[in-house]
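Here is the structure we will look at, set down as structure tokens.
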Amino acid sequence: MTTITETERHQRVRQQVQKLKDFWIHVAMFVIVNIAITTFNLMKQPDKIWFHWVLMGWGAGILLHCFQVFGDGVASGWEEKKIKELEKQDEEKEASQPKSSAT
């Protein structure tokens, strides 16, 4: 079993903080741009409402980004969790088997 050094742990935490920062910048841009698009649409073309298509498309992107940053399971480190789970099962299996002595 490998141990994580402080440097590796710090690097992993730094990457997570960067992911959080990027997500919140994405959300801020979503809000600002969509307020502008909605205002433009309602002022210039009130008879043709189209801003909701932008909201839905970009909103789906925000949702996927959210799952990537905050999600569990498929979107966030499921591979690493599964590896650890299988390693633990393998260790338990080895520990429960009687040791044979080589002669």
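Within each chain, counting starts at residue 1; across the structure tokens, chains are named A, B, ... in the order shown, with ligands numbered 1 upward in that order.
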(Q) Please list as a PyMOL selection string every residue within 12 Å of Asp22 of chain A, counting only C-alpha atoms and excluding residues in the same chain fewer than 3 positions away. (A) chain A and resi 15-19+25-29+62+65-66+68-69
Just the alpha helix (DSSP H) stuff from segment 3-98 of chain A, please, per backbone DSSP, written as a CSV table (one decimal) with N, CA and C atoms, in the first residue's frame.
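In the end it all went to part17.csv:
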```
chain,number,residue,atom,x,y,z
A,6,GLU,N,3.2,14.7,1.9
A,6,GLU,CA,2.6,16.0,2.1
A,6,GLU,C,2.5,16.8,0.8
A,7,THR,N,3.6,16.7,0.0
A,7,THR,CA,3.6,17.4,-1.3
A,7,THR,C,2.5,16.9,-2.2
A,8,GLU,N,2.4,15.6,-2.3
A,8,GLU,CA,1.3,15.1,-3.1
A,8,GLU,C,-0.1,15.5,-2.7
A,9,ARG,N,-0.3,15.5,-1.3
A,9,ARG,CA,-1.5,15.9,-0.7
A,9,ARG,C,-1.8,17.4,-1.0
A,10,HIS,N,-0.8,18.2,-0.9
A,10,HIS,CA,-0.9,19.6,-1.1
A,10,HIS,C,-1.3,19.8,-2.6
A,11,GLN,N,-0.6,19.1,-3.5
A,11,GLN,CA,-0.9,19.3,-4.9
A,11,GLN,C,-2.3,18.9,-5.3
A,12,ARG,N,-2.8,17.8,-4.7
A,12,ARG,CA,-4.2,17.3,-4.9
A,12,ARG,C,-5.2,18.3,-4.4
A,13,VAL,N,-4.9,18.9,-3.2
A,13,VAL,CA,-5.8,19.9,-2.6
A,13,VAL,C,-5.8,21.2,-3.5
A,14,ARG,N,-4.6,21.6,-4.0
A,14,ARG,CA,-4.5,22.7,-4.9
A,14,ARG,C,-5.3,22.5,-6.2
A,15,GLN,N,-5.3,21.3,-6.7
A,15,GLN,CA,-6.1,21.0,-7.9
A,15,GLN,C,-7.6,21.1,-7.6
A,16,GLN,N,-8.0,20.6,-6.5
A,16,GLN,CA,-9.4,20.7,-6.1
A,16,GLN,C,-9.9,22.2,-6.0
A,17,VAL,N,-9.0,23.0,-5.3
A,17,VAL,CA,-9.3,24.4,-5.2
A,17,VAL,C,-9.4,25.1,-6.6
A,18,GLN,N,-8.5,24.7,-7.5
A,18,GLN,CA,-8.6,25.3,-8.8
A,18,GLN,C,-9.9,24.9,-9.5
A,19,LYS,N,-10.3,23.6,-9.3
A,19,LYS,CA,-11.6,23.2,-9.9
A,19,LYS,C,-12.8,24.0,-9.4
A,20,LEU,N,-12.8,24.2,-8.1
A,20,LEU,CA,-13.8,25.0,-7.5
A,20,LEU,C,-13.8,26.4,-8.0
A,21,LYS,N,-12.7,27.0,-8.1
A,21,LYS,CA,-12.5,28.4,-8.6
A,21,LYS,C,-13.0,28.5,-10.1
A,22,ASP,N,-12.6,27.5,-10.9
A,22,ASP,CA,-13.1,27.5,-12.3
A,22,ASP,C,-14.6,27.3,-12.4
A,23,PHE,N,-15.2,26.5,-11.5
A,23,PHE,CA,-16.6,26.3,-11.5
A,23,PHE,C,-17.3,27.6,-11.2
A,24,TRP,N,-16.9,28.3,-10.2
A,24,TRP,CA,-17.6,29.5,-9.8
A,24,TRP,C,-17.4,30.6,-10.8
A,25,ILE,N,-16.3,30.7,-11.4
A,25,ILE,CA,-16.1,31.6,-12.5
A,25,ILE,C,-17.1,31.3,-13.6
A,26,HIS,N,-17.2,30.0,-14.0
A,26,HIS,CA,-18.2,29.6,-15.0
A,26,HIS,C,-19.6,30.0,-14.6
A,27,VAL,N,-20.0,29.8,-13.4
A,27,VAL,CA,-21.3,30.2,-12.9
A,27,VAL,C,-21.5,31.7,-13.0
A,28,ALA,N,-20.5,32.5,-12.6
A,28,ALA,CA,-20.6,34.0,-12.7
A,28,ALA,C,-20.8,34.4,-14.1
A,29,MET,N,-20.0,33.9,-15.0
A,29,MET,CA,-20.1,34.2,-16.5
A,29,MET,C,-21.5,33.8,-17.0
A,30,PHE,N,-22.0,32.7,-16.6
A,30,PHE,CA,-23.3,32.2,-17.0
A,30,PHE,C,-24.4,33.3,-16.6
A,31,VAL,N,-24.3,33.7,-15.4
A,31,VAL,CA,-25.3,34.7,-14.9
A,31,VAL,C,-25.2,36.0,-15.7
A,32,ILE,N,-24.0,36.5,-15.7
A,32,ILE,CA,-23.8,37.8,-16.4
A,32,ILE,C,-24.2,37.8,-17.8
A,33,VAL,N,-23.6,36.9,-18.6
A,33,VAL,CA,-23.9,36.8,-20.0
A,33,VAL,C,-25.4,36.6,-20.3
A,34,ASN,N,-26.0,35.7,-19.5
A,34,ASN,CA,-27.4,35.4,-19.7
A,34,ASN,C,-28.4,36.5,-19.3
A,35,ILE,N,-28.0,37.3,-18.4
A,35,ILE,CA,-28.7,38.6,-18.1
A,35,ILE,C,-28.7,39.5,-19.3
A,36,ALA,N,-27.5,39.6,-19.8
A,36,ALA,CA,-27.3,40.5,-21.0
A,36,ALA,C,-28.1,39.9,-22.2
A,37,ILE,N,-28.0,38.7,-22.5
A,37,ILE,CA,-28.7,38.1,-23.6
A,37,ILE,C,-30.2,38.2,-23.4
A,38,THR,N,-30.7,37.9,-22.2
A,38,THR,CA,-32.1,38.0,-22.0
A,38,THR,C,-32.6,39.5,-22.2
A,39,THR,N,-31.9,40.4,-21.6
A,39,THR,CA,-32.2,41.8,-21.8
A,39,THR,C,-32.2,42.2,-23.3
A,40,PHE,N,-31.2,41.8,-24.0
A,40,PHE,CA,-31.1,42.1,-25.4
A,40,PHE,C,-32.3,41.5,-26.2
A,41,ASN,N,-32.6,40.3,-25.9
A,41,ASN,CA,-33.7,39.6,-26.6
A,41,ASN,C,-35.1,40.3,-26.3
A,42,LEU,N,-35.3,40.6,-25.0
A,42,LEU,CA,-36.6,41.2,-24.7
A,42,LEU,C,-36.7,42.6,-25.2
A,43,MET,N,-35.6,43.4,-25.3
A,43,MET,CA,-35.7,44.7,-25.7
A,43,MET,C,-35.7,44.8,-27.3
A,44,LYS,N,-34.9,44.0,-28.0
A,44,LYS,CA,-34.8,44.1,-29.4
A,44,LYS,C,-35.8,43.2,-30.2
A,51,PHE,N,-34.0,33.5,-25.9
A,51,PHE,CA,-33.0,33.5,-24.9
A,51,PHE,C,-33.0,32.2,-24.1
A,52,HIS,N,-34.2,31.6,-24.0
A,52,HIS,CA,-34.3,30.4,-23.1
A,52,HIS,C,-33.5,29.2,-23.7
A,53,TRP,N,-33.3,29.2,-25.0
A,53,TRP,CA,-32.5,28.2,-25.7
A,53,TRP,C,-31.0,28.3,-25.2
A,54,VAL,N,-30.5,29.5,-25.1
A,54,VAL,CA,-29.2,29.7,-24.6
A,54,VAL,C,-29.1,29.3,-23.1
A,55,LEU,N,-30.1,29.7,-22.3
A,55,LEU,CA,-30.1,29.3,-20.9
A,55,LEU,C,-30.1,27.8,-20.7
A,56,MET,N,-30.9,27.1,-21.5
A,56,MET,CA,-31.0,25.6,-21.4
A,56,MET,C,-29.7,24.9,-21.8
A,57,GLY,N,-29.1,25.4,-23.0
A,57,GLY,CA,-27.9,24.8,-23.4
A,57,GLY,C,-26.7,25.0,-22.5
A,58,TRP,N,-26.5,26.3,-22.1
A,58,TRP,CA,-25.4,26.6,-21.2
A,58,TRP,C,-25.7,26.0,-19.8
A,59,GLY,N,-27.0,26.0,-19.4
A,59,GLY,CA,-27.3,25.5,-18.1
A,59,GLY,C,-27.0,24.0,-18.0
A,60,ALA,N,-27.2,23.2,-19.1
A,60,ALA,CA,-26.8,21.8,-19.2
A,60,ALA,C,-25.3,21.7,-19.0
A,61,GLY,N,-24.5,22.6,-19.6
A,61,GLY,CA,-23.0,22.6,-19.4
A,61,GLY,C,-22.7,22.9,-17.9
A,62,ILE,N,-23.4,23.9,-17.3
A,62,ILE,CA,-23.1,24.2,-15.9
A,62,ILE,C,-23.4,23.0,-15.0
A,63,LEU,N,-24.5,22.3,-15.3
A,63,LEU,CA,-24.9,21.1,-14.6
A,63,LEU,C,-23.8,20.0,-14.7
A,64,LEU,N,-23.3,19.8,-15.9
A,64,LEU,CA,-22.2,18.8,-16.0
A,64,LEU,C,-21.0,19.2,-15.3
A,65,HIS,N,-20.7,20.5,-15.4
A,65,HIS,CA,-19.5,21.0,-14.7
A,65,HIS,C,-19.7,20.8,-13.2
A,66,CYS,N,-20.9,21.1,-12.7
A,66,CYS,CA,-21.2,20.9,-11.3
A,66,CYS,C,-21.0,19.4,-10.8
A,67,PHE,N,-21.5,18.5,-11.6
A,67,PHE,CA,-21.3,17.1,-11.3
A,67,PHE,C,-19.8,16.7,-11.3
A,68,GLN,N,-19.0,17.3,-12.2
A,68,GLN,CA,-17.6,17.0,-12.3
A,68,GLN,C,-16.9,17.5,-11.0
A,69,VAL,N,-17.3,18.7,-10.5
A,69,VAL,CA,-16.6,19.3,-9.3
A,69,VAL,C,-17.2,18.7,-8.0
A,70,PHE,N,-18.5,18.7,-7.9
A,70,PHE,CA,-19.1,18.3,-6.6
A,70,PHE,C,-19.7,16.9,-6.6
A,78,TRP,N,-14.7,8.1,-9.4
A,78,TRP,CA,-15.3,6.7,-9.2
A,78,TRP,C,-14.2,5.7,-9.5
A,79,GLU,N,-13.3,5.9,-10.4
A,79,GLU,CA,-12.3,5.0,-10.7
A,79,GLU,C,-11.4,4.7,-9.5
A,80,GLU,N,-10.9,5.8,-8.9
A,80,GLU,CA,-10.1,5.7,-7.7
A,80,GLU,C,-10.8,5.0,-6.6
A,81,LYS,N,-12.0,5.3,-6.4
A,81,LYS,CA,-12.8,4.7,-5.3
A,81,LYS,C,-12.9,3.2,-5.6
A,82,LYS,N,-13.2,2.8,-6.8
A,82,LYS,CA,-13.3,1.4,-7.2
A,82,LYS,C,-12.0,0.7,-7.0
A,83,ILE,N,-10.9,1.3,-7.4
A,83,ILE,CA,-9.6,0.7,-7.2
A,83,ILE,C,-9.3,0.4,-5.8
A,84,LYS,N,-9.6,1.4,-4.9
A,84,LYS,CA,-9.4,1.2,-3.5
A,84,LYS,C,-10.2,0.1,-2.9
A,85,GLU,N,-11.5,0.0,-3.4
A,85,GLU,CA,-12.4,-1.0,-2.9
A,85,GLU,C,-11.9,-2.4,-3.3
A,86,LEU,N,-11.5,-2.5,-4.6
A,86,LEU,CA,-11.0,-3.8,-5.0
A,86,LEU,C,-9.7,-4.2,-4.4
A,87,GLU,N,-8.8,-3.3,-4.1
A,87,GLU,CA,-7.6,-3.5,-3.4
A,87,GLU,C,-7.9,-4.1,-2.0
A,88,LYS,N,-8.9,-3.4,-1.3
A,88,LYS,CA,-9.2,-3.8,0.0
A,88,LYS,C,-9.8,-5.3,0.0
A,89,GLN,N,-10.7,-5.5,-1.0
A,89,GLN,CA,-11.2,-6.9,-1.1
A,89,GLN,C,-10.1,-7.9,-1.3
A,90,ASP,N,-9.2,-7.6,-2.2
A,90,ASP,CA,-8.0,-8.5,-2.5
A,90,ASP,C,-7.2,-8.7,-1.2
A,91,GLU,N,-7.0,-7.7,-0.4
A,91,GLU,CA,-6.2,-7.8,0.8
A,91,GLU,C,-6.9,-8.7,1.8
A,92,GLU,N,-8.2,-8.5,1.9
A,92,GLU,CA,-9.0,-9.3,2.8
A,92,GLU,C,-9.1,-10.8,2.4
A,93,LYS,N,-9.1,-11.0,1.1
A,93,LYS,CA,-9.1,-12.4,0.6
A,93,LYS,C,-7.8,-13.1,0.9
A,94,GLU,N,-6.7,-12.3,0.7
A,94,GLU,CA,-5.4,-12.9,1.0
A,94,GLU,C,-5.2,-13.1,2.5
A,95,ALA,N,-5.7,-12.3,3.3
A,95,ALA,CA,-5.6,-12.4,4.8
A,95,ALA,C,-6.4,-13.6,5.3
A,96,SER,N,-7.5,-13.9,4.6
A,96,SER,CA,-8.4,-15.0,5.1
A,96,SER,C,-7.9,-16.4,4.6
```
